[in-house]
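Scroll down for the structure; my scribbles are underneath it.
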Amino acid sequence: DRPTEDPSTSTQDSECGDPPPSSPQSLEGQANSTELILQGIREIKSSISAMDKKLETYAKRLDEIEHRVGNTEDSVLSLENTVQQLRESVVKLQSKTDDLENRSRRCNLRLVGLPEGEEGRDPVSFLETWLPTVLNMPELIENLEIERAHRSFAPRTRDSDRPRMLLFKLLRYRDKENILRQARKLGTLTYNNKPIYLFPDMSAELFQKRKSFLGIKRLCKDLDIPFALLFPARLRIDFKGQRLFFTSPLDAENHIKMSSLPENPPSSPKQQRQR
């Protein structure tokens with residue numbers, strides 16, 4: 001008889017022994033999974049390689065941009081220096097132009113208020129004869145010489161009370177100064193009972209500069225300080241034994257006020273009580 005097998009022994013042998021061999025279907029599934037993993041790895045490597053190429057391209061472009069930015073900054077700095085130099089040159093040229101323009105007008109005078117047509121067709125002869133008489137300057141009757149004279153180029157208006165100014169140029173600068181001095185001395189001048197005025201001819205910029213000295217000129221008159229407003233706009237004062245020159249009315253005013261303060265100012269009541 002064949003010996004009977006113990007069920008427990010057979011079960012133990014199946015549990016402790018080698019696992020049963022895998023089936024062909026499970027092996028095929030594992031191979032497919034491995035292939036999918038490898039394919040994913042290859043795709044990742046390809047993506048990384050493409051990103052590396054893009055980063056390399058971006059790095060080259062960034063270097064080129066930095067180079068261009070550096071060149072642009074250098075160019076801008078050079079242009080700023082050039083613009084600054086040109087600005088300084090323009091200021092100097094403008095100053096020279098203003099000076100030349102005003103020097104060309106140094107012997108000019110403006111006559112305001114003379115009715116239209118009173119000068120006739122020869123304004124030079126009219127002024128050479130009329131000015132010495134109205135200004136009471138007999139020394140100029142035979143010596144006054146005017147180079148040219150004409151009305152301003154503004155359109156002629158129908159309002160007879162607003163005639164165009166008459167511009168004229170004297171041959172000698174000294175005659176111009178004497179005429180202005182005499183006009184200020186006489187006060188209001190009239191022609192046929194209408195007021196007329198004489199002004200020096202100058203540019204609008206210079207007129208404003210000279211006008212800014214009115215306050216300091218008034219202060220000098222009140223303090224009996226000798227002064228003179230020199231061409232183009234420079235104030236000369238004789239103050240405490242010194243001859244000083246100022247191109248700014250504020251500087252002149254501050255200097256006069258500071259120099260006029262007492263050396264030992266009186267103490268305040270509080271300081272007196274402390275003493």
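Chain labels follow the order of the structure tokens: the first chain is A, the next B, and so on; residue numbering restarts at 1 in every chain, and ligands are counted from 1 in their shown order.
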task = Would you mind writing down, as a list in words, each residue of range 40-217 of chain A that DSSP on the backbone assigns to strand (DSSP E)?
result = Asn108, Leu109, Arg110, Leu111, Val112, Ile146, Glu147, Arg148, Ala149, His150, Arg151, Leu166, Leu167, Phe168, Lys169, Leu170, Leu189, Thr190, Tyr191, Lys194, Pro195, Ile196, Tyr197, Leu198, Phe199 and Pro200 of chain A
key: Residues near range 224-236 of chain A, cut-off 10 Å, only C-alpha atoms, skip fewer than 5 positions along chain, as a PyMOL selection string   = chain A and resi 98-99+102-103+106+202+206-214+216-219+243-249+252+256
request  = Once DSSP has gone over the backbone, tell me which residues of range 40-225 of chain A are in alpha helix (DSSP H), as a ChimeraX atom specification.
outcome  = /A:40-104,123-134,173-186,204-211,214-222
Got time to write the residues from that selection, C-alpha atoms, as a compact mmCIF listing (two decimals), in the first residue's frame?
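Result saved to again_10.txt:
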```txt
# COMPACT_ATOMS: atom_id res chain seq x y z
CA GLY A 40 9.30 58.55 -20.13
CA ILE A 41 12.95 58.90 -19.15
CA ARG A 42 13.90 59.44 -22.77
CA GLU A 43 11.23 62.13 -23.12
CA ILE A 44 12.44 63.85 -19.96
CA LYS A 45 16.03 63.78 -21.26
CA SER A 46 14.86 65.23 -24.56
CA SER A 47 12.96 67.98 -22.78
CA ILE A 48 15.96 68.77 -20.59
CA SER A 49 18.21 68.88 -23.66
CA ALA A 50 15.79 71.27 -25.39
CA MET A 51 15.65 73.46 -22.28
CA ASP A 52 19.46 73.48 -22.13
CA LYS A 53 19.60 74.70 -25.71
CA LYS A 54 17.01 77.41 -24.99
CA LEU A 55 18.88 78.51 -21.87
CA GLU A 56 22.09 78.69 -23.85
CA THR A 57 20.34 80.81 -26.49
CA TYR A 58 18.86 83.07 -23.81
CA ALA A 59 22.25 83.42 -22.16
CA LYS A 60 23.79 84.53 -25.46
CA ARG A 61 20.97 87.01 -26.04
CA LEU A 62 21.33 88.31 -22.49
CA ASP A 63 25.04 88.88 -23.01
CA GLU A 64 24.31 90.69 -26.24
CA ILE A 65 21.63 92.83 -24.53
CA GLU A 66 24.01 93.70 -21.69
CA HIS A 67 26.65 94.67 -24.24
CA ARG A 68 24.18 96.86 -26.12
CA VAL A 69 22.90 98.44 -22.90
CA GLY A 70 26.47 99.23 -21.88
CA ASN A 71 27.16 100.84 -25.24
CA THR A 72 23.89 102.78 -25.00
CA GLU A 73 24.75 104.07 -21.53
CA ASP A 74 28.14 105.20 -22.79
CA SER A 75 26.49 106.92 -25.74
CA VAL A 76 23.91 108.59 -23.50
CA LEU A 77 26.63 109.83 -21.16
CA SER A 78 28.55 111.22 -24.11
CA LEU A 79 25.39 112.88 -25.44
CA GLU A 80 24.63 114.38 -22.01
CA ASN A 81 28.12 115.90 -21.89
CA THR A 82 27.68 117.21 -25.42
CA VAL A 83 24.27 118.67 -24.58
CA GLN A 84 25.70 120.34 -21.47
CA GLN A 85 28.52 121.86 -23.51
CA LEU A 86 26.05 123.03 -26.16
CA ARG A 87 23.80 124.51 -23.48
CA GLU A 88 26.72 126.45 -22.03
CA SER A 89 27.71 127.60 -25.50
CA VAL A 90 24.14 128.72 -26.22
CA VAL A 91 24.06 130.71 -22.97
CA LYS A 92 27.36 132.40 -23.83
CA LEU A 93 26.27 133.12 -27.40
CA GLN A 94 22.91 134.43 -26.19
CA SER A 95 24.70 136.70 -23.74
CA LYS A 96 27.00 137.97 -26.47
CA THR A 97 24.08 138.45 -28.84
CA ASP A 98 22.15 140.43 -26.23
CA ASP A 99 25.22 142.53 -25.52
CA LEU A 100 25.79 143.23 -29.22
CA GLU A 101 22.12 144.03 -29.75
CA ASN A 102 21.99 146.45 -26.84
CA ARG A 103 25.31 148.04 -27.76
CA SER A 104 23.95 148.65 -31.25
CA PRO A 123 12.06 163.15 -39.42
CA VAL A 124 15.83 163.69 -39.03
CA SER A 125 15.65 167.40 -39.82
CA PHE A 126 12.52 167.76 -37.70
CA LEU A 127 14.19 166.24 -34.62
CA GLU A 128 17.44 168.15 -35.08
CA THR A 129 15.47 171.39 -35.06
CA TRP A 130 12.71 170.58 -32.57
CA LEU A 131 14.54 168.67 -29.81
CA PRO A 132 16.97 171.44 -28.77
CA THR A 133 14.04 173.84 -28.58
CA VAL A 134 11.65 171.70 -26.55
CA TYR A 173 26.42 158.84 -27.26
CA ARG A 174 27.12 161.89 -25.10
CA ASP A 175 24.28 163.78 -26.81
CA LYS A 176 21.92 160.94 -25.96
CA GLU A 177 22.90 161.03 -22.28
CA ASN A 178 22.57 164.82 -22.14
CA ILE A 179 19.12 164.68 -23.76
CA LEU A 180 17.88 162.07 -21.30
CA ARG A 181 19.32 163.97 -18.36
CA GLN A 182 17.66 167.21 -19.48
CA ALA A 183 14.33 165.42 -20.08
CA ARG A 184 14.38 164.02 -16.54
CA LYS A 185 15.23 167.46 -15.21
CA LEU A 186 12.34 169.17 -17.02
CA ALA A 204 12.95 143.73 -23.49
CA GLU A 205 15.31 141.53 -21.46
CA LEU A 206 17.65 144.40 -20.68
CA PHE A 207 14.71 146.67 -19.88
CA GLN A 208 13.49 144.21 -17.25
CA LYS A 209 16.98 143.88 -15.78
CA ARG A 210 17.40 147.63 -15.47
CA LYS A 211 13.87 147.98 -14.14
CA LEU A 214 14.44 150.77 -9.26
CA GLY A 215 14.12 149.73 -5.60
CA ILE A 216 17.82 149.92 -4.81
CA LYS A 217 18.13 153.22 -6.68
CA ARG A 218 15.34 154.63 -4.50
CA LEU A 219 17.15 153.34 -1.39
CA CYS A 220 20.40 154.99 -2.49
CA LYS A 221 18.57 158.29 -2.99
CA ASP A 222 17.01 158.07 0.48
```
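The coordinates place CA of Glu145 in chain A at 22.6 Å from CA of Arg164 in chain A.
Around range 194-198 of chain A, within 8 Å and counting only C-alpha atoms, the residues found are Leu109, Arg110, Leu111, Val112, Gly113, Leu114, Leu180, Ala183, Thr188, Leu189, Thr190, Tyr191, Asn192 and Pro200 of chain A, once anything fewer than 2 positions away on its own chain is removed.
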request  = Mind giving me the straight-line distance from CA of Asp161 in chain A to CA of Leu144 in chain A in Å, one decimal?
outcome  = 28.7 Å
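Taking CA of Ile146 in chain A and CA of Phe168 in chain A as endpoints, the distance between them is 7.0 Å.
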